[in-house]
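Shown next: start_11.cif, given as mmCIF, N, CA and C atoms.
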```cif
data_structure
loop_
_atom_site.group_PDB
_atom_site.id
_atom_site.type_symbol
_atom_site.label_atom_id
_atom_site.label_comp_id
_atom_site.auth_asym_id
_atom_site.auth_seq_id
_atom_site.Cartn_x
_atom_site.Cartn_y
_atom_site.Cartn_z
ATOM 1 N N LEU E 103 113.004 90.738 95.376
ATOM 2 C CA LEU E 103 112.490 92.014 95.832
ATOM 3 C C LEU E 103 113.628 93.030 95.773
ATOM 4 N N PRO E 104 113.458 94.139 95.079
ATOM 5 C CA PRO E 104 114.514 95.152 95.011
ATOM 6 C C PRO E 104 114.804 95.743 96.393
ATOM 7 N N THR E 105 116.076 95.936 96.690
ATOM 8 C CA THR E 105 116.443 96.481 97.999
ATOM 9 C C THR E 105 115.911 97.887 98.204
ATOM 10 N N LYS E 106 115.625 98.621 97.146
ATOM 11 C CA LYS E 106 115.116 99.987 97.310
ATOM 12 C C LYS E 106 113.704 100.027 97.893
ATOM 13 N N VAL E 107 113.000 98.901 97.902
ATOM 14 C CA VAL E 107 111.662 98.876 98.484
ATOM 15 C C VAL E 107 111.597 98.037 99.763
ATOM 16 N N MET E 108 112.744 97.631 100.274
ATOM 17 C CA MET E 108 112.799 96.863 101.515
ATOM 18 C C MET E 108 112.917 97.803 102.709
ATOM 19 N N VAL E 109 112.336 97.388 103.821
ATOM 20 C CA VAL E 109 112.404 98.175 105.051
ATOM 21 C C VAL E 109 112.710 97.236 106.208
ATOM 22 N N ILE E 110 113.606 97.657 107.071
ATOM 23 C CA ILE E 110 113.844 96.954 108.327
ATOM 24 C C ILE E 110 113.511 97.939 109.432
ATOM 25 N N GLY E 111 112.555 97.587 110.261
ATOM 26 C CA GLY E 111 112.153 98.471 111.345
ATOM 27 C C GLY E 111 112.414 97.817 112.684
ATOM 28 N N ALA E 112 113.209 98.446 113.507
ATOM 29 C CA ALA E 112 113.498 97.935 114.842
ATOM 30 C C ALA E 112 112.857 98.881 115.847
ATOM 31 N N ALA E 113 111.574 98.688 116.069
ATOM 32 C CA ALA E 113 110.815 99.551 116.974
ATOM 33 C C ALA E 113 109.559 98.802 117.400
ATOM 34 N N ARG E 114 108.872 99.355 118.358
ATOM 35 C CA ARG E 114 107.574 98.805 118.747
ATOM 36 C C ARG E 114 106.531 99.387 117.800
ATOM 37 N N PHE E 115 105.712 98.509 117.243
ATOM 38 C CA PHE E 115 104.673 98.935 116.317
ATOM 39 C C PHE E 115 103.311 98.478 116.812
ATOM 40 N N ALA E 116 102.299 99.252 116.493
ATOM 41 C CA ALA E 116 100.921 98.809 116.628
ATOM 42 C C ALA E 116 100.560 98.217 115.272
ATOM 43 N N VAL E 117 99.944 97.039 115.273
ATOM 44 C CA VAL E 117 99.649 96.335 114.028
ATOM 45 C C VAL E 117 98.143 96.127 113.917
ATOM 46 N N GLN E 118 97.632 96.379 112.720
ATOM 47 C CA GLN E 118 96.211 96.160 112.456
ATOM 48 C C GLN E 118 96.061 95.330 111.184
ATOM 49 N N TYR E 119 95.328 94.236 111.295
ATOM 50 C CA TYR E 119 94.992 93.448 110.112
ATOM 51 C C TYR E 119 93.800 94.125 109.459
ATOM 52 N N ALA E 120 93.950 94.570 108.209
ATOM 53 C CA ALA E 120 92.911 95.351 107.536
ATOM 54 C C ALA E 120 91.957 94.501 106.715
ATOM 55 N N GLY E 121 92.355 93.283 106.380
ATOM 56 C CA GLY E 121 91.510 92.425 105.559
ATOM 57 C C GLY E 121 92.303 91.822 104.422
ATOM 58 N N GLU E 122 91.586 91.379 103.382
ATOM 59 C CA GLU E 122 92.228 90.752 102.231
ATOM 60 C C GLU E 122 91.679 91.318 100.938
ATOM 61 N N ALA E 123 92.529 91.343 99.931
ATOM 62 C CA ALA E 123 92.134 91.683 98.568
ATOM 63 C C ALA E 123 92.583 90.529 97.687
ATOM 64 N N ALA E 124 91.647 89.838 97.071
ATOM 65 C CA ALA E 124 91.951 88.692 96.211
ATOM 66 C C ALA E 124 92.828 87.665 96.930
ATOM 67 N N GLY E 125 92.553 87.453 98.214
ATOM 68 C CA GLY E 125 93.311 86.479 98.990
ATOM 69 C C GLY E 125 94.642 86.971 99.526
ATOM 70 N N ILE E 126 94.985 88.231 99.271
ATOM 71 C CA ILE E 126 96.240 88.818 99.750
ATOM 72 C C ILE E 126 95.970 89.513 101.084
ATOM 73 N N PRO E 127 96.589 89.068 102.190
ATOM 74 C CA PRO E 127 96.381 89.743 103.466
ATOM 75 C C PRO E 127 97.036 91.125 103.481
ATOM 76 N N VAL E 128 96.315 92.087 104.048
ATOM 77 C CA VAL E 128 96.789 93.472 104.123
ATOM 78 C C VAL E 128 96.849 93.878 105.591
ATOM 79 N N SER E 129 97.998 94.425 106.010
ATOM 80 C CA SER E 129 98.150 94.893 107.390
ATOM 81 C C SER E 129 98.803 96.264 107.411
ATOM 82 N N SER E 130 98.625 96.943 108.531
ATOM 83 C CA SER E 130 99.226 98.260 108.732
ATOM 84 C C SER E 130 100.059 98.225 110.003
ATOM 85 N N TRP E 131 101.248 98.802 109.932
ATOM 86 C CA TRP E 131 102.184 98.856 111.052
ATOM 87 C C TRP E 131 102.512 100.320 111.305
ATOM 88 N N VAL E 132 102.157 100.817 112.492
ATOM 89 C CA VAL E 132 102.373 102.231 112.814
ATOM 90 C C VAL E 132 102.956 102.348 114.220
ATOM 91 N N TYR E 133 103.526 103.508 114.509
ATOM 92 C CA TYR E 133 103.999 103.753 115.868
ATOM 93 C C TYR E 133 102.800 103.817 116.812
ATOM 94 N N PRO E 134 102.908 103.247 118.008
ATOM 95 C CA PRO E 134 101.780 103.227 118.937
ATOM 96 C C PRO E 134 101.202 104.607 119.245
ATOM 97 N N GLN E 135 102.064 105.614 119.369
ATOM 98 C CA GLN E 135 101.562 106.944 119.716
ATOM 99 C C GLN E 135 100.768 107.581 118.572
ATOM 100 N N GLY E 136 100.904 107.071 117.362
ATOM 101 C CA GLY E 136 100.157 107.606 116.228
ATOM 102 C C GLY E 136 99.190 106.604 115.634
ATOM 103 N N ARG E 137 98.808 105.620 116.428
ATOM 104 C CA ARG E 137 97.996 104.519 115.903
ATOM 105 C C ARG E 137 96.657 104.965 115.332
ATOM 106 N N GLU E 138 95.961 105.868 115.990
ATOM 107 C CA GLU E 138 94.645 106.288 115.498
ATOM 108 C C GLU E 138 94.755 106.934 114.115
ATOM 109 N N ALA E 139 95.655 107.888 113.981
ATOM 110 C CA ALA E 139 95.845 108.569 112.692
ATOM 111 C C ALA E 139 96.438 107.621 111.658
ATOM 112 N N GLY E 140 97.388 106.799 112.070
ATOM 113 C CA GLY E 140 98.031 105.880 111.136
ATOM 114 C C GLY E 140 97.068 104.850 110.572
ATOM 115 N N PHE E 141 96.278 104.237 111.439
ATOM 116 C CA PHE E 141 95.309 103.251 110.963
ATOM 117 C C PHE E 141 94.244 103.914 110.091
ATOM 118 N N TYR E 142 93.870 105.133 110.429
ATOM 119 C CA TYR E 142 92.913 105.876 109.602
ATOM 120 C C TYR E 142 93.492 106.116 108.208
ATOM 121 N N ASP E 143 94.747 106.553 108.164
ATOM 122 C CA ASP E 143 95.387 106.850 106.878
ATOM 123 C C ASP E 143 95.522 105.607 105.997
ATOM 124 N N TYR E 144 95.751 104.454 106.592
ATOM 125 C CA TYR E 144 95.929 103.217 105.826
ATOM 126 C C TYR E 144 94.618 102.459 105.606
ATOM 127 N N ALA E 145 93.503 102.987 106.068
ATOM 128 C CA ALA E 145 92.225 102.271 106.025
ATOM 129 C C ALA E 145 91.783 101.884 104.619
ATOM 130 N N GLN E 146 92.178 102.624 103.617
ATOM 131 C CA GLN E 146 91.753 102.353 102.241
ATOM 132 C C GLN E 146 92.642 101.337 101.520
ATOM 133 N N ALA E 147 93.649 100.809 102.180
ATOM 134 C CA ALA E 147 94.641 99.953 101.515
ATOM 135 C C ALA E 147 94.029 98.729 100.837
ATOM 136 N N VAL E 148 93.063 98.090 101.466
ATOM 137 C CA VAL E 148 92.457 96.893 100.877
ATOM 138 C C VAL E 148 91.741 97.251 99.576
ATOM 139 N N GLN E 149 90.959 98.334 99.602
ATOM 140 C CA GLN E 149 90.227 98.747 98.403
ATOM 141 C C GLN E 149 91.178 99.208 97.298
ATOM 142 N N ILE E 150 92.253 99.882 97.673
ATOM 143 C CA ILE E 150 93.234 100.338 96.682
ATOM 144 C C ILE E 150 93.921 99.142 96.027
ATOM 145 N N LEU E 151 94.337 98.171 96.842
ATOM 146 C CA LEU E 151 94.977 96.983 96.284
ATOM 147 C C LEU E 151 94.019 96.251 95.349
ATOM 148 N N GLN E 152 92.763 96.110 95.753
ATOM 149 C CA GLN E 152 91.783 95.427 94.905
ATOM 150 C C GLN E 152 91.584 96.175 93.587
ATOM 151 N N PHE E 153 91.558 97.493 93.626
ATOM 152 C CA PHE E 153 91.429 98.301 92.408
ATOM 153 C C PHE E 153 92.558 97.982 91.430
ATOM 154 N N PHE E 154 93.793 97.984 91.918
ATOM 155 C CA PHE E 154 94.931 97.720 91.044
ATOM 156 C C PHE E 154 94.948 96.274 90.537
ATOM 157 N N ILE E 155 94.517 95.334 91.368
ATOM 158 C CA ILE E 155 94.414 93.946 90.914
ATOM 159 C C ILE E 155 93.396 93.848 89.778
ATOM 160 N N ASP E 156 92.261 94.515 89.946
ATOM 161 C CA ASP E 156 91.213 94.486 88.919
ATOM 162 C C ASP E 156 91.649 95.165 87.627
ATOM 163 N N LYS E 157 92.369 96.262 87.731
ATOM 164 C CA LYS E 157 92.731 97.062 86.554
ATOM 165 C C LYS E 157 94.036 96.633 85.889
ATOM 166 N N ILE E 158 95.001 96.131 86.678
ATOM 167 C CA ILE E 158 96.329 95.839 86.139
ATOM 168 C C ILE E 158 96.612 94.343 86.079
ATOM 169 N N GLY E 159 96.290 93.639 87.145
ATOM 170 C CA GLY E 159 96.550 92.204 87.180
ATOM 171 C C GLY E 159 96.911 91.754 88.575
ATOM 172 N N PRO E 160 97.246 90.488 88.727
ATOM 173 C CA PRO E 160 97.521 89.923 90.046
ATOM 174 C C PRO E 160 98.665 90.627 90.777
ATOM 175 N N TYR E 161 98.498 90.743 92.086
ATOM 176 C CA TYR E 161 99.553 91.277 92.946
ATOM 177 C C TYR E 161 100.607 90.181 93.088
ATOM 178 N N PRO E 162 101.885 90.479 92.829
ATOM 179 C CA PRO E 162 102.892 89.419 92.749
ATOM 180 C C PRO E 162 103.492 88.950 94.078
ATOM 181 N N PHE E 163 103.001 89.461 95.204
ATOM 182 C CA PHE E 163 103.572 89.086 96.498
ATOM 183 C C PHE E 163 102.510 88.404 97.347
ATOM 184 N N ARG E 164 102.929 87.726 98.421
ATOM 185 C CA ARG E 164 101.980 86.963 99.230
ATOM 186 C C ARG E 164 101.282 87.785 100.300
ATOM 187 N N LYS E 165 101.730 89.050 100.522
ATOM 188 C CA LYS E 165 101.065 89.921 101.488
ATOM 189 C C LYS E 165 101.425 91.373 101.187
ATOM 190 N N LEU E 166 100.648 92.295 101.782
ATOM 191 C CA LEU E 166 100.943 93.725 101.707
ATOM 192 C C LEU E 166 100.950 94.250 103.136
ATOM 193 N N ALA E 167 102.096 94.754 103.576
ATOM 194 C CA ALA E 167 102.235 95.320 104.918
ATOM 195 C C ALA E 167 102.656 96.778 104.767
ATOM 196 N N ASN E 168 101.744 97.685 105.079
ATOM 197 C CA ASN E 168 102.048 99.117 105.021
ATOM 198 C C ASN E 168 102.699 99.536 106.325
ATOM 199 N N VAL E 169 103.883 100.132 106.233
ATOM 200 C CA VAL E 169 104.623 100.539 107.427
ATOM 201 C C VAL E 169 104.785 102.040 107.408
#
```
I'd like the structure from this file rewritten - as structure tokens, please.
Amino acid sequence: LPTKVMVIGAARFAVQYAGEAAGIPVSSWVYPQGREAGFYDYAQAVQILQFFIDKIGPYPFRKLANV
């Protein structure tokens, strides 16, 4: 994994499991005070991941965590 796409977060997060796309679990991690807006903004992540899997090919990682 390239270091330019790695994130280390040392904070309290609200976490929501959004579902799966082709067996890949998708979750969203947002600050608790912005959880409603954050989860709303990330709500399309499962469908977006599935679109790219269908059009481009398999997702090469074991999970997708939007932070």
6.5 Å contact set for range 119-132 of chain E, all atoms listed in the file, chain neighbours under 2 positions out, as a PyMOL selection string: chain E and resi 114-117+134-137+140+148+151-152+164-169
What residues in chain E get the DSSP label alpha helix (DSSP H)? Please answer as a compact mmCIF listing (two decimals) with N, CA and C atoms, in the coordinates of the input.
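Final output, saved to result_15.txt:
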```txt
# COMPACT_ATOMS: atom_id res chain seq x y z
N ARG E 137 98.81 105.62 116.43
CA ARG E 137 98.00 104.52 115.90
C ARG E 137 96.66 104.96 115.33
N GLU E 138 95.96 105.87 115.99
CA GLU E 138 94.64 106.29 115.50
C GLU E 138 94.76 106.93 114.12
N ALA E 139 95.66 107.89 113.98
CA ALA E 139 95.84 108.57 112.69
C ALA E 139 96.44 107.62 111.66
N GLY E 140 97.39 106.80 112.07
CA GLY E 140 98.03 105.88 111.14
C GLY E 140 97.07 104.85 110.57
N PHE E 141 96.28 104.24 111.44
CA PHE E 141 95.31 103.25 110.96
C PHE E 141 94.24 103.91 110.09
N TYR E 142 93.87 105.13 110.43
CA TYR E 142 92.91 105.88 109.60
C TYR E 142 93.49 106.12 108.21
N ASP E 143 94.75 106.55 108.16
CA ASP E 143 95.39 106.85 106.88
C ASP E 143 95.52 105.61 106.00
N ALA E 147 93.65 100.81 102.18
CA ALA E 147 94.64 99.95 101.52
C ALA E 147 94.03 98.73 100.84
N VAL E 148 93.06 98.09 101.47
CA VAL E 148 92.46 96.89 100.88
C VAL E 148 91.74 97.25 99.58
N GLN E 149 90.96 98.33 99.60
CA GLN E 149 90.23 98.75 98.40
C GLN E 149 91.18 99.21 97.30
N ILE E 150 92.25 99.88 97.67
CA ILE E 150 93.23 100.34 96.68
C ILE E 150 93.92 99.14 96.03
N LEU E 151 94.34 98.17 96.84
CA LEU E 151 94.98 96.98 96.28
C LEU E 151 94.02 96.25 95.35
N GLN E 152 92.76 96.11 95.75
CA GLN E 152 91.78 95.43 94.90
C GLN E 152 91.58 96.18 93.59
N PHE E 153 91.56 97.49 93.63
CA PHE E 153 91.43 98.30 92.41
C PHE E 153 92.56 97.98 91.43
N PHE E 154 93.79 97.98 91.92
CA PHE E 154 94.93 97.72 91.04
C PHE E 154 94.95 96.27 90.54
N ILE E 155 94.52 95.33 91.37
CA ILE E 155 94.41 93.95 90.91
C ILE E 155 93.40 93.85 89.78
N ASP E 156 92.26 94.52 89.95
CA ASP E 156 91.21 94.49 88.92
C ASP E 156 91.65 95.16 87.63
N LYS E 157 92.37 96.26 87.73
CA LYS E 157 92.73 97.06 86.55
C LYS E 157 94.04 96.63 85.89
```
Separation of CA of Ile110 in chain E from CA of Gly159 in chain E in Å: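 A separation of 27.7 Å between them.
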Give the strand (DSSP E) residues of chain E, as assigned by DSSP on the backbone, as number ranges by chain. E: 116-123, 126-132, 166-168
Those same residues, written as a short mmCIF file (atom, residue, chain, number, x, y, z; two decimals), in the frame of the given file with N, CA and C atoms?
```
data_model
loop_
_atom_site.label_atom_id
_atom_site.label_comp_id
_atom_site.auth_asym_id
_atom_site.auth_seq_id
_atom_site.Cartn_x
_atom_site.Cartn_y
_atom_site.Cartn_z
N ALA E 116 102.30 99.25 116.49
CA ALA E 116 100.92 98.81 116.63
C ALA E 116 100.56 98.22 115.27
N VAL E 117 99.94 97.04 115.27
CA VAL E 117 99.65 96.34 114.03
C VAL E 117 98.14 96.13 113.92
N GLN E 118 97.63 96.38 112.72
CA GLN E 118 96.21 96.16 112.46
C GLN E 118 96.06 95.33 111.18
N TYR E 119 95.33 94.24 111.30
CA TYR E 119 94.99 93.45 110.11
C TYR E 119 93.80 94.12 109.46
N ALA E 120 93.95 94.57 108.21
CA ALA E 120 92.91 95.35 107.54
C ALA E 120 91.96 94.50 106.72
N GLY E 121 92.36 93.28 106.38
CA GLY E 121 91.51 92.42 105.56
C GLY E 121 92.30 91.82 104.42
N GLU E 122 91.59 91.38 103.38
CA GLU E 122 92.23 90.75 102.23
C GLU E 122 91.68 91.32 100.94
N ALA E 123 92.53 91.34 99.93
CA ALA E 123 92.13 91.68 98.57
C ALA E 123 92.58 90.53 97.69
N ILE E 126 94.98 88.23 99.27
CA ILE E 126 96.24 88.82 99.75
C ILE E 126 95.97 89.51 101.08
N PRO E 127 96.59 89.07 102.19
CA PRO E 127 96.38 89.74 103.47
C PRO E 127 97.04 91.12 103.48
N VAL E 128 96.32 92.09 104.05
CA VAL E 128 96.79 93.47 104.12
C VAL E 128 96.85 93.88 105.59
N SER E 129 98.00 94.42 106.01
CA SER E 129 98.15 94.89 107.39
C SER E 129 98.80 96.26 107.41
N SER E 130 98.62 96.94 108.53
CA SER E 130 99.23 98.26 108.73
C SER E 130 100.06 98.22 110.00
N TRP E 131 101.25 98.80 109.93
CA TRP E 131 102.18 98.86 111.05
C TRP E 131 102.51 100.32 111.30
N VAL E 132 102.16 100.82 112.49
CA VAL E 132 102.37 102.23 112.81
C VAL E 132 102.96 102.35 114.22
N LEU E 166 100.65 92.30 101.78
CA LEU E 166 100.94 93.72 101.71
C LEU E 166 100.95 94.25 103.14
N ALA E 167 102.10 94.75 103.58
CA ALA E 167 102.24 95.32 104.92
C ALA E 167 102.66 96.78 104.77
N ASN E 168 101.74 97.68 105.08
CA ASN E 168 102.05 99.12 105.02
C ASN E 168 102.70 99.54 106.32
#
```
Please, what distance in Å, to one decimal, runs between CA of Val109 in chain E and CA of Ala139 in chain E? 21.0 Å
